[in-house]
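Quick look at input-v9.tsv (TSV, C-alpha atoms):
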```tsv
chain	number	residue	atom	x	y	z
L	1	MET	CA	145.50	162.62	131.47
L	2	ALA	CA	143.62	165.93	131.68
L	3	ARG	CA	140.40	164.18	130.69
L	4	ASP	CA	140.80	161.65	133.49
L	5	ALA	CA	141.58	164.41	135.98
L	6	LEU	CA	138.45	166.34	135.01
L	7	GLU	CA	136.33	163.20	135.25
L	8	TRP	CA	137.65	162.46	138.74
L	9	THR	CA	137.05	166.08	139.74
L	10	ALA	CA	133.38	165.74	138.79
L	11	ARG	CA	133.05	162.39	140.58
L	12	ILE	CA	134.65	163.78	143.73
L	13	GLY	CA	132.19	166.68	143.53
L	14	TYR	CA	129.19	164.35	143.45
L	15	GLY	CA	130.67	162.44	146.37
L	16	ALA	CA	131.11	165.62	148.41
L	17	ARG	CA	127.51	166.63	147.72
L	18	GLY	CA	126.38	163.19	148.81
L	19	PHE	CA	128.39	163.33	152.02
L	20	VAL	CA	126.93	166.71	153.01
L	21	TYR	CA	123.31	165.68	152.35
L	22	LEU	CA	123.74	162.30	153.98
L	23	SER	CA	125.08	164.07	157.06
L	24	ALA	CA	122.18	166.54	157.03
L	25	GLY	CA	119.65	163.73	156.77
L	26	VAL	CA	121.16	161.73	159.62
L	27	LEU	CA	121.38	164.82	161.84
L	28	THR	CA	117.77	165.78	161.11
L	29	LEU	CA	116.61	162.24	161.87
L	30	LEU	CA	118.51	162.31	165.16
L	31	ALA	CA	116.86	165.66	165.98
L	32	VAL	CA	113.41	164.12	165.50
L	33	LEU	CA	114.44	161.31	167.85
L	34	ASP	CA	115.64	163.93	170.40
L	35	ARG	CA	119.25	162.81	170.04
L	36	MET	CA	120.30	166.21	168.62
L	37	ASP	CA	119.42	169.79	169.52
L	38	GLY	CA	118.10	170.77	166.11
L	39	ALA	CA	117.44	169.75	162.52
L	40	ALA	CA	120.11	170.38	159.91
L	41	GLY	CA	120.38	171.52	156.36
L	42	ALA	CA	123.59	171.38	154.35
L	43	ARG	CA	125.16	174.42	156.07
L	44	GLU	CA	124.21	173.16	159.53
L	45	ALA	CA	125.75	169.79	158.66
L	46	LEU	CA	129.03	171.57	157.88
L	47	ALA	CA	128.77	173.49	161.16
L	48	TRP	CA	128.27	170.23	163.05
L	49	LEU	CA	131.24	168.64	161.29
L	50	SER	CA	133.42	171.56	162.37
L	51	GLN	CA	132.81	170.62	166.02
L	52	GLN	CA	133.78	166.96	165.64
L	53	PRO	CA	137.22	165.38	166.06
L	54	PHE	CA	139.35	166.28	163.04
L	55	GLY	CA	136.70	168.90	162.24
L	56	ARG	CA	139.12	171.14	160.31
L	57	ALA	CA	140.12	168.21	158.10
L	58	TRP	CA	136.45	167.35	157.43
L	59	LEU	CA	135.71	170.97	156.51
L	60	PHE	CA	138.70	171.19	154.18
L	61	LEU	CA	137.76	167.96	152.40
L	62	ALA	CA	134.08	168.91	152.15
L	63	GLY	CA	134.84	172.44	150.94
L	64	SER	CA	137.36	171.21	148.36
L	65	GLY	CA	134.93	168.55	147.12
L	66	LEU	CA	132.14	171.10	146.81
L	67	LEU	CA	134.44	173.39	144.80
L	68	ALA	CA	135.07	170.43	142.49
L	69	PHE	CA	131.30	170.11	142.05
L	70	VAL	CA	131.04	173.85	141.33
L	71	LEU	CA	133.64	173.42	138.56
L	72	TRP	CA	131.63	170.58	137.03
L	73	ARG	CA	128.42	172.63	137.25
L	74	GLY	CA	130.24	175.41	135.41
L	75	LEU	CA	131.21	173.04	132.60
L	76	GLN	CA	127.63	171.78	132.41
L	77	SER	CA	126.00	175.19	132.32
L	78	ILE	CA	128.51	177.25	130.32
L	79	PHE	CA	129.98	174.67	127.93
L	80	ASP	CA	126.99	172.29	127.76
L	81	ALA	CA	128.98	169.27	128.91
L	82	ASP	CA	125.81	167.13	128.92
L	83	HIS	CA	124.88	168.13	125.34
L	84	GLU	CA	121.51	169.57	126.35
L	85	GLY	CA	121.37	171.77	123.26
L	86	ALA	CA	120.10	175.29	122.60
L	87	GLY	CA	116.37	174.48	122.76
L	88	TRP	CA	114.09	175.65	125.56
L	89	ASP	CA	114.50	172.49	127.62
L	90	GLY	CA	118.27	172.56	127.19
L	91	VAL	CA	118.61	176.21	128.15
L	92	ASN	CA	116.31	175.69	131.14
L	93	THR	CA	118.40	172.73	132.33
L	94	ARG	CA	121.64	174.68	131.95
L	95	LEU	CA	120.23	177.67	133.84
L	96	SER	CA	119.22	175.30	136.62
L	97	GLN	CA	122.74	173.89	136.66
L	98	ALA	CA	124.19	177.42	136.81
L	99	PHE	CA	122.05	178.36	139.84
L	100	SER	CA	122.90	175.03	141.43
L	101	GLY	CA	126.59	175.77	140.96
L	102	LEU	CA	126.14	179.19	142.54
L	103	GLY	CA	124.41	177.62	145.53
L	104	TYR	CA	127.17	175.08	146.04
L	105	ALA	CA	129.77	177.83	145.68
L	106	PHE	CA	128.16	179.60	148.66
L	107	LEU	CA	128.11	176.28	150.52
L	108	ALA	CA	131.81	175.72	149.83
L	109	ALA	CA	132.50	179.28	151.00
L	110	SER	CA	130.62	178.48	154.23
L	111	ALA	CA	132.87	175.46	154.78
L	112	PHE	CA	136.05	177.50	154.34
L	113	ARG	CA	134.65	180.35	156.44
L	114	LEU	CA	134.08	177.92	159.30
L	115	LEU	CA	137.54	176.53	158.71
L	116	TRP	CA	139.29	179.87	159.10
L	117	LEU	CA	137.07	181.83	161.49
L	118	LYS	CA	136.22	178.97	163.89
L	119	PRO	CA	133.14	180.56	165.58
L	120	ALA	CA	132.36	179.39	169.12
L	121	ASP	CA	128.82	178.31	168.15
L	122	PRO	CA	128.74	177.63	164.39
L	123	MET	CA	125.05	176.73	164.21
L	124	ALA	CA	123.95	179.90	166.03
L	125	GLU	CA	126.27	181.88	163.78
L	126	GLN	CA	124.45	180.54	160.70
L	127	ALA	CA	121.09	181.88	161.90
L	128	MET	CA	122.59	185.18	163.06
L	129	SER	CA	124.17	185.84	159.67
L	130	GLY	CA	120.76	185.38	158.02
L	131	ARG	CA	119.17	187.93	160.35
L	132	GLU	CA	121.98	190.42	159.73
L	133	ARG	CA	121.56	190.16	155.96
L	134	ALA	CA	117.80	190.63	156.37
L	135	GLU	CA	118.38	193.78	158.45
L	136	GLN	CA	120.67	195.19	155.76
L	137	LEU	CA	118.08	194.45	153.09
L	138	LEU	CA	115.21	195.97	155.05
L	139	SER	CA	117.22	199.18	155.47
L	140	LEU	CA	117.13	199.72	151.69
L	141	PRO	CA	114.28	201.50	149.86
L	142	LEU	CA	111.52	198.93	149.26
L	143	GLY	CA	113.66	196.50	151.23
L	144	ASN	CA	110.65	194.66	152.59
L	145	TRP	CA	109.47	193.89	149.08
L	146	LEU	CA	112.96	192.75	148.12
L	147	LEU	CA	112.85	190.34	151.05
L	148	VAL	CA	109.44	189.09	149.96
L	149	GLY	CA	110.89	188.55	146.49
L	150	ILE	CA	113.77	186.53	147.91
L	151	GLY	CA	111.30	184.41	149.85
L	152	LEU	CA	109.29	183.78	146.68
L	153	CYS	CA	112.50	182.82	144.85
L	154	ILE	CA	113.29	180.32	147.62
L	155	ALA	CA	109.76	178.93	147.23
L	156	GLY	CA	110.38	178.70	143.48
L	157	VAL	CA	113.49	176.61	144.12
L	158	GLY	CA	111.43	174.29	146.30
L	159	VAL	CA	108.67	173.93	143.71
L	160	ALA	CA	111.23	173.35	140.95
L	161	ASN	CA	112.73	170.47	142.94
L	162	ILE	CA	109.28	168.95	143.49
L	163	VAL	CA	108.49	169.18	139.77
L	164	LYS	CA	111.86	167.67	138.95
L	165	ALA	CA	111.15	164.78	141.31
L	166	TRP	CA	107.99	163.87	139.38
L	167	ARG	CA	109.08	164.66	135.83
L	168	ASP	CA	112.76	163.87	135.26
L	169	ASP	CA	114.41	160.64	134.22
L	170	PHE	CA	117.28	160.44	136.70
L	171	THR	CA	118.87	157.42	135.04
L	172	GLU	CA	119.38	159.15	131.69
L	173	TYR	CA	122.97	160.10	132.50
L	174	LEU	CA	123.94	156.94	134.36
L	175	ALA	CA	126.18	154.28	132.81
L	176	CYS	CA	124.82	151.36	134.81
L	177	SER	CA	122.71	148.28	134.15
L	178	ALA	CA	118.97	148.63	133.66
L	179	ASP	CA	118.36	146.71	136.89
L	180	LEU	CA	120.59	149.01	138.95
L	181	CYS	CA	119.12	152.12	137.32
L	182	ARG	CA	115.63	150.93	138.22
L	183	ARG	CA	116.69	150.42	141.82
L	184	VAL	CA	118.39	153.79	142.33
L	185	SER	CA	115.82	155.98	140.55
L	186	PRO	CA	113.49	156.10	143.60
L	187	LEU	CA	116.38	157.47	145.67
L	188	ALA	CA	116.62	160.46	143.35
L	189	ARG	CA	112.87	161.07	143.32
L	190	ALA	CA	112.64	160.89	147.11
L	191	GLY	CA	115.68	163.14	147.45
L	192	TYR	CA	114.49	165.90	145.14
L	193	MET	CA	110.98	165.76	146.63
L	194	ALA	CA	112.39	166.12	150.16
L	195	ARG	CA	114.67	169.00	149.13
L	196	GLY	CA	111.76	170.77	147.49
L	197	LEU	CA	109.41	170.43	150.43
L	198	ALA	CA	112.13	171.39	152.92
L	199	TRP	CA	112.74	174.76	151.21
L	200	LEU	CA	109.11	175.84	151.66
L	201	PRO	CA	109.16	176.54	155.46
L	202	LEU	CA	112.20	178.79	155.04
L	203	ALA	CA	110.52	180.54	152.11
L	204	ALA	CA	107.42	181.19	154.24
L	205	LEU	CA	109.51	182.66	157.08
L	206	VAL	CA	111.41	184.97	154.72
L	207	VAL	CA	108.19	186.17	153.05
L	208	LEU	CA	106.61	186.87	156.46
L	209	ALA	CA	109.75	188.73	157.54
L	210	GLY	CA	109.39	190.98	154.52
L	211	VAL	CA	105.66	191.55	154.96
L	212	LYS	CA	106.03	192.34	158.67
L	213	SER	CA	109.47	194.02	158.36
L	214	ARG	CA	110.83	191.69	161.04
L	215	PRO	CA	114.39	190.50	160.29
L	216	ALA	CA	114.28	188.29	163.38
L	217	ASP	CA	111.94	185.98	161.43
L	218	VAL	CA	114.74	185.21	158.97
L	219	THR	CA	116.67	182.20	160.13
L	220	SER	CA	118.73	179.29	158.85
L	221	PHE	CA	117.48	176.30	156.88
L	222	GLY	CA	117.83	174.02	159.90
L	223	ALA	CA	116.06	176.46	162.22
L	224	ALA	CA	113.17	176.65	159.77
L	225	LEU	CA	112.86	172.87	159.95
L	226	ASP	CA	112.98	173.13	163.74
L	227	ALA	CA	110.02	175.52	163.58
L	228	VAL	CA	108.11	172.90	161.60
L	229	GLU	CA	108.98	170.19	164.14
L	230	ARG	CA	107.49	172.28	166.95
L	231	GLN	CA	104.12	172.29	165.21
L	232	PRO	CA	101.47	169.62	165.84
L	233	ALA	CA	102.44	166.54	163.83
L	234	GLY	CA	105.61	168.34	162.74
L	235	ALA	CA	107.62	165.15	163.07
L	236	TRP	CA	105.48	163.60	160.33
L	237	PHE	CA	106.92	166.23	157.98
L	238	LEU	CA	110.46	166.09	159.30
L	239	ILE	CA	110.97	162.32	159.22
L	240	PRO	CA	110.25	162.02	155.46
L	241	ALA	CA	112.44	165.10	154.90
L	242	ALA	CA	115.33	163.49	156.79
L	243	LEU	CA	114.94	160.21	154.90
L	244	GLY	CA	114.75	162.16	151.66
L	245	PHE	CA	118.02	163.96	152.42
L	246	ILE	CA	119.63	160.58	153.09
L	247	ALA	CA	118.23	159.25	149.81
L	248	PHE	CA	119.58	162.28	147.95
L	249	GLY	CA	122.99	161.76	149.50
L	250	LEU	CA	123.01	158.09	148.50
L	251	PHE	CA	121.96	158.93	144.95
L	252	SER	CA	124.77	161.47	144.76
L	253	PHE	CA	127.20	158.65	145.59
L	254	VAL	CA	125.63	156.62	142.78
L	255	GLU	CA	126.17	159.55	140.43
L	256	GLY	CA	129.74	159.84	141.60
L	257	ARG	CA	130.31	156.26	140.52
L	258	PHE	CA	128.12	155.80	137.44
L	259	ARG	CA	127.40	159.20	135.92
L	260	ARG	CA	128.58	159.76	132.36
L	261	ILE	CA	131.19	162.51	132.54
L	262	ARG	CA	131.80	164.02	129.11
L	263	PRO	CA	134.27	166.92	129.13
L	264	PRO	CA	133.16	169.55	126.59
L	265	PRO	CA	135.38	169.85	123.48
L	266	GLU	CA	135.82	173.58	124.10
L	267	VAL	CA	137.72	172.68	127.27
L	268	LEU	CA	139.38	169.41	126.26
L	269	PRO	CA	139.44	168.89	122.47
L	270	SER	CA	139.27	165.28	121.36
```
What do you get writing this file as structure tokens?
Amino acid sequence: MARDALEWTARIGYGARGFVYLSAGVLTLLAVLDRMDGAAGAREALAWLSQQPFGRAWLFLAGSGLLAFVLWRGLQSIFDADHEGAGWDGVNTRLSQAFSGLGYAFLAASAFRLLWLKPADPMAEQAMSGRERAEQLLSLPLGNWLLVGIGLCIAGVGVANIVKAWRDDFTEYLACSADLCRRVSPLARAGYMARGLAWLPLAALVVLAGVKSRPADVTSFGAALDAVERQPAGAWFLIPAALGFIAFGLFSFVEGRFRRIRPPPEVLPS
């Protein structure tokens, strides 16, 4: 019973991740087509959901699902649920899962924050909170260099996703037929590539904010994509990014259905 509950928790988590990224991709695509005011990352997608009919219900479901995914990431990284081992590759994978879990924990917190605080303009509030944090950081000794370091870390996340898109076998953990695995693998590669490339504009803005000591340059993920769209041929960057987000969301649904979920024996002994 507990094993089934944990497995369903993980699958719900993958589904919640897929829903958020699918929403972000669709919203970004609509922005390129001038049907929306701005591009969207995961947090902006949650902000948009909060303004729709039954928005509070959507936020609660999304936030709860993301917390389920955080729990599964914890089991993967701390208890080695995927049996990655103690070698370099295994430790590196588990560290990546730990940082991923931390990121989705912040995303879940954003969903519940929107649920309880109900700001008048959620998307503007996202960008404002980034500027406020940058101002606090710049007020510290060597704060500008700390901000540069954060920007470089964001760039590192982007590069890591790009490398993962080229190198990893995304069907290794799927319990599906060889034909289906072959069909869904490109979704994962496109998704991770898009996520990696999409982090780079935000990283550049954060680094520049640190170098120039200008917190106003720090903005949200979606606003960074908007800045790219305003450049010549910016849409040629944003359309593949949007389609990549959609692909990543769809692959997350595939993982929710077909991923091998193996609860670690430390948590649920056989």
Distance in Å - CA of Gln97 (chain L) versus CA of Gln136 (chain L):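 CA of Gln136 (chain L) lies 28.7 Å from CA of Gln97 (chain L).
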Sorted by chain and rising residue number, list the residues of region 54-167 of chain L at most 12 Å from region 18-32 of chain L (counting all atoms listed in the file), each with its closest atom pair and distance in Å to one decimal, as a Markdown table.
```
| residue | atom | partner | partner_atom | distance |
| --- | --- | --- | --- | --- |
| L:Trp58 | CA | L:Phe19 | CA | 10.5 |
| L:Leu59 | CA | L:Val20 | CA | 10.4 |
| L:Leu61 | CA | L:Phe19 | CA | 10.5 |
| L:Ala62 | CA | L:Val20 | CA | 7.5 |
| L:Gly63 | CA | L:Val20 | CA | 10.0 |
| L:Gly65 | CA | L:Phe19 | CA | 9.7 |
| L:Leu66 | CA | L:Val20 | CA | 9.2 |
| L:Phe69 | CA | L:Gly18 | CA | 10.9 |
| L:Tyr104 | CA | L:Val20 | CA | 10.9 |
| L:Leu107 | CA | L:Val20 | CA | 10.0 |
| L:Ala108 | CA | L:Val20 | CA | 10.7 |
| L:Ala111 | CA | L:Val20 | CA | 10.7 |
```
Region 169-171 of chain L environment, 12 Å, only C-alpha atoms, sequence neighbours closer than 3 positions dropped, as a PyMOL selection string: chain L and resi 163-166+174-192+248+251-252+254-255+258-260
Nearest to Gly244 (chain L) by atom-to-atom distance, counting all atoms listed in the file, from L:Gly41, L:Ala105, L:Phe79, L:Ala134: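 That would be L:Gly41, the residue with the smallest distance to Gly244 (chain L).
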Among listed residues L:Pro141, L:Pro264, L:Pro240, L:Gly101, nearest Glu84 (chain L) (using only C-alpha atoms): L:Pro264
Two-atom distance - CA of Leu238 (chain L), CA of Glu135 (chain L) (Å):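 Here the two named atoms are 28.8 Å from each other.
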Shell of 10 Å around Phe106 (chain L), all atoms listed in the file, local chain residues under 3 positions omitted, as a ChimeraX atom specification: /L:43,66-67,70,101-103,109-112
Atom pair CA of Leu202 (chain L) / CA of Ala45 (chain L): separation (Å):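 Here the two named atoms are 16.7 Å from each other.
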Counting only C-alpha atoms, the option among L:Leu208, L:Ala155, L:Ile78, L:Leu140 closest to Gly196 (chain L):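 Among the listed residues, the smallest separation from Gly196 (chain L) belongs to L:Ala155.
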Top pick for closest residue to Gly158 (chain L), considering L:Gly234, L:Pro201, L:Gly87, L:Gly143 and counting only C-alpha atoms: L:Pro201
Exercise: Phe253 (chain L) partners within 9 Å, all atoms listed in the file, chain neighbours under 6 positions left out, as a list in words: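 In the requested format, the answer is Arg11, Tyr14, Gly15, Ala16, Arg17, Gly18 and Phe19 of chain L.
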Best match for closeness to Trp145 (chain L) among L:Gly13, L:Pro232, L:Gly210, L:Gly249, counting only C-alpha atoms: L:Gly210
Residue list as a list in words for point (114.3, 167.6, 168.5), cut-off 12 Å, only C-alpha atoms: Leu27, Thr28, Leu29, Leu30, Ala31, Val32, Leu33, Asp34, Arg35, Met36, Asp37, Gly38, Ala39, Ala40, Gly222, Ala223, Leu225, Asp226, Ala227, Val228, Glu229, Arg230, Gln231, Gly234, Ala235, Leu238 and Ile239 of chain L
Just want the 10 Å neighbourhood of Trp8 (chain L), counted on all atoms listed in the file, with same-chain residues fewer than 6 positions away dropped. Output as a compact mmCIF listing (two decimals) with C-alpha atoms, keeping the file's coordinate frame.
```txt
# COMPACT_ATOMS: atom_id res chain seq x y z
CA ALA L 2 143.62 165.93 131.68
CA TYR L 14 129.19 164.35 143.45
CA ALA L 68 135.07 170.43 142.49
CA GLY L 256 129.74 159.84 141.60
CA ARG L 257 130.31 156.26 140.52
CA ILE L 261 131.19 162.51 132.54
```
Expected residue set, 12 Å radius at (109.4, 182.2, 146.5), all atoms listed in the file, as a PyMOL selection string: chain L and resi 145-160+196+199-208+210
